[in-house]
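Notes to accompany the following structure.
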Amino acid sequence: MTVLMPYPELLSLVTGIFVDRGVPRDRAAIAAAALCHGDLTGVTSHGLVNLTRLYLPLLDEGRADPAADMVIQTDLGACVLADARRTLGLWSASQAMELACARASRHGIGMVSLRGATHIGCAGHHAARAAAHGMIGLVASNCGGQRIAPPPGGAAPMLGTNPLALACPAGDAHPFVLDMSTTVVPTGRVRAAAREGRAIPPGWLSTDDGAPVTDAAAFDRGDAHLLWLGGGPETGAYKGFGLGLLVEVLGALVPGAMLGALSSDGNRDDDIGVLTLAIAPELLRGGFAADATALFAAVRGWPARDPAAPVVYPGWHEGERAARFRAHGVPVPDEVCEVLHAVRERAAG
């Protein structure tokens with residue numbers, strides 16, 4: 001069963017929980033919006049379920065610092081290197097993108113490269129902040145020292161799920177937002193299936209010897225690992241692995257964050273590296289906004305095999321859900337709702 005919670009009420013509740021942990025209110029509100037984005041858009045594997053599973057433990061264990069601030073270490077105008085200093089990645093990734101947009105408004109392009117970050121949540125949420133400014137936003141984030149998936153032919157995990165996201169305005173329509181892990185699915189979707197007792201499709205997980213695994217719980221037991229986009233070595237896994245390495249280069253090698261292949265632990269997603277890039281095409285030429293509007297209108301108007309299932313682009317369905325949930329309430333599972341209120345009441349007591 002689910003409870004329909006008004007979006008402002010949900011934001012206020014989650015903001016208060018972060019404030020109770022020592023996060024300044026303005027940052028807590030930004031972090032709450034990033035976390036609630038998952039449930040608002042229907043990507044619940046990256047939403048509220050992670051509050052007590054991931055973000056509060058980061059704060060409680062001291063792996064995230066609620067009061068720290070990002071520090072700019074190198075400033076070249078269009079390019080900035082900053083140390084996130086273990087701030088909540090839900091906040092710091094959004095702030096990095098806002099700074100990238102500010103620089104892009106002057107230089108046509110702005111890049112903010114972060115090291116020392118913590119888990120950023122939905123990469124697409126942070127990329128979409130650029131689209132709200134009429135810009136293109138790119139986010140690449142590695143998983144710090146956490147190793148989840150082995151390279152093709154490898155005997156042990158090397159990299160994390162290494163998400164990559166790009167957002168582009170589409171006029172008055174929902175923005176194009178591509179948000180993807182470079183593994184075939186993110187760990188959140190596997191864990192969601194495990195919580196619900198659902199089998200997963202072959203092709204998500206495999207044993208070390210390559211046998212497909214459909215028991216989602218096998219992942220956290222250590223009996224299976226995630227596969228890369230593209231499938232097995234014979235069917236294109238090097239594409240997904242290559243994209244994972246691309247993210248490792250852009251997100252972590254550039255700022256000097258932890259590299260999965262060089263991690264001494266392999267189990268902790270500490271010292272995450274994040275690239276935020278904003279492009280302001282209207283500074284390069286006139287007509288970009290009109291062309292973008294026309295492009296994505298053409299996609300939506302493309303002939304469909306089934307008229308009842310029209311062609312859309314990444315971000316369209318999520319935008320539709322967000323609009324509907326803002327108007328009518330965000331579906332929150334009963335058990336999650338109870339946990340949210342219990343956490344807030346314990347802090348208040």
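Each chain of the structure tokens is named A, B, ... in the order shown, its residues numbered from 1; ligands are numbered from 1 in display order.
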With the cut-off set at 10 Å and counting only C-alpha atoms, tabulate each residue of range 216-261 of chain A with an atom at most that distance from an atom of range 77-96 of chain A, showing the nearest atom pair and its distance in Å to one decimal, ordered by chain and increasing number, as a tab-separated table.
residue	atom	partner	partner_atom	distance
A:Val254	CA	A:Leu81	CA	8.9
A:Pro255	CA	A:Leu81	CA	6.4
A:Gly256	CA	A:Leu81	CA	9.6
A:Ala257	CA	A:Asp83	CA	9.2
Sel. of strand (DSSP E) residues, range 70-298 of chain A, as a PyMOL selection string
chain A and resi 71-75+79-83+109-117+136-141+164-170+173-180+205-206+212-213+225-226+272-279
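When only C-alpha atoms are used to compute distances to Met158 in chain A, the closest of the residues A:Gly144, A:Gly301, A:Gly287, A:Pro175 turns out to be A:Gly144.
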CA of Leu56 in chain A to CA of Gly315 in chain A, straight-line distance in Å:
28.4 Å
Can you tell me, as JSON, numbers by chain, which residues in range 118-349 of chain A count as helix (DSSP H, G or I) by DSSP?
{"A": [123, 124, 125, 126, 127, 128, 129, 130, 131, 187, 188, 189, 190, 191, 192, 193, 194, 195, 196, 218, 219, 220, 221, 233, 234, 235, 237, 238, 239, 240, 241, 242, 243, 244, 245, 246, 247, 248, 249, 250, 251, 252, 253, 260, 261, 262, 281, 282, 283, 288, 289, 290, 291, 292, 293, 294, 295, 296, 297, 298, 299, 300, 316, 317, 318, 319, 320, 321, 322, 323, 324, 325, 326, 327, 328, 334, 335, 336, 337, 338, 339, 340, 341, 342, 343, 344, 345, 346, 347, 348]}
From the set A:Arg147, A:Cys101, A:Ala64, A:Val177, which residue has the shortest atom-to-atom contact distance to Ala117 in chain A, counting only C-alpha atoms?
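Of the candidates, the smallest distance to Ala117 in chain A is held by A:Ala64.
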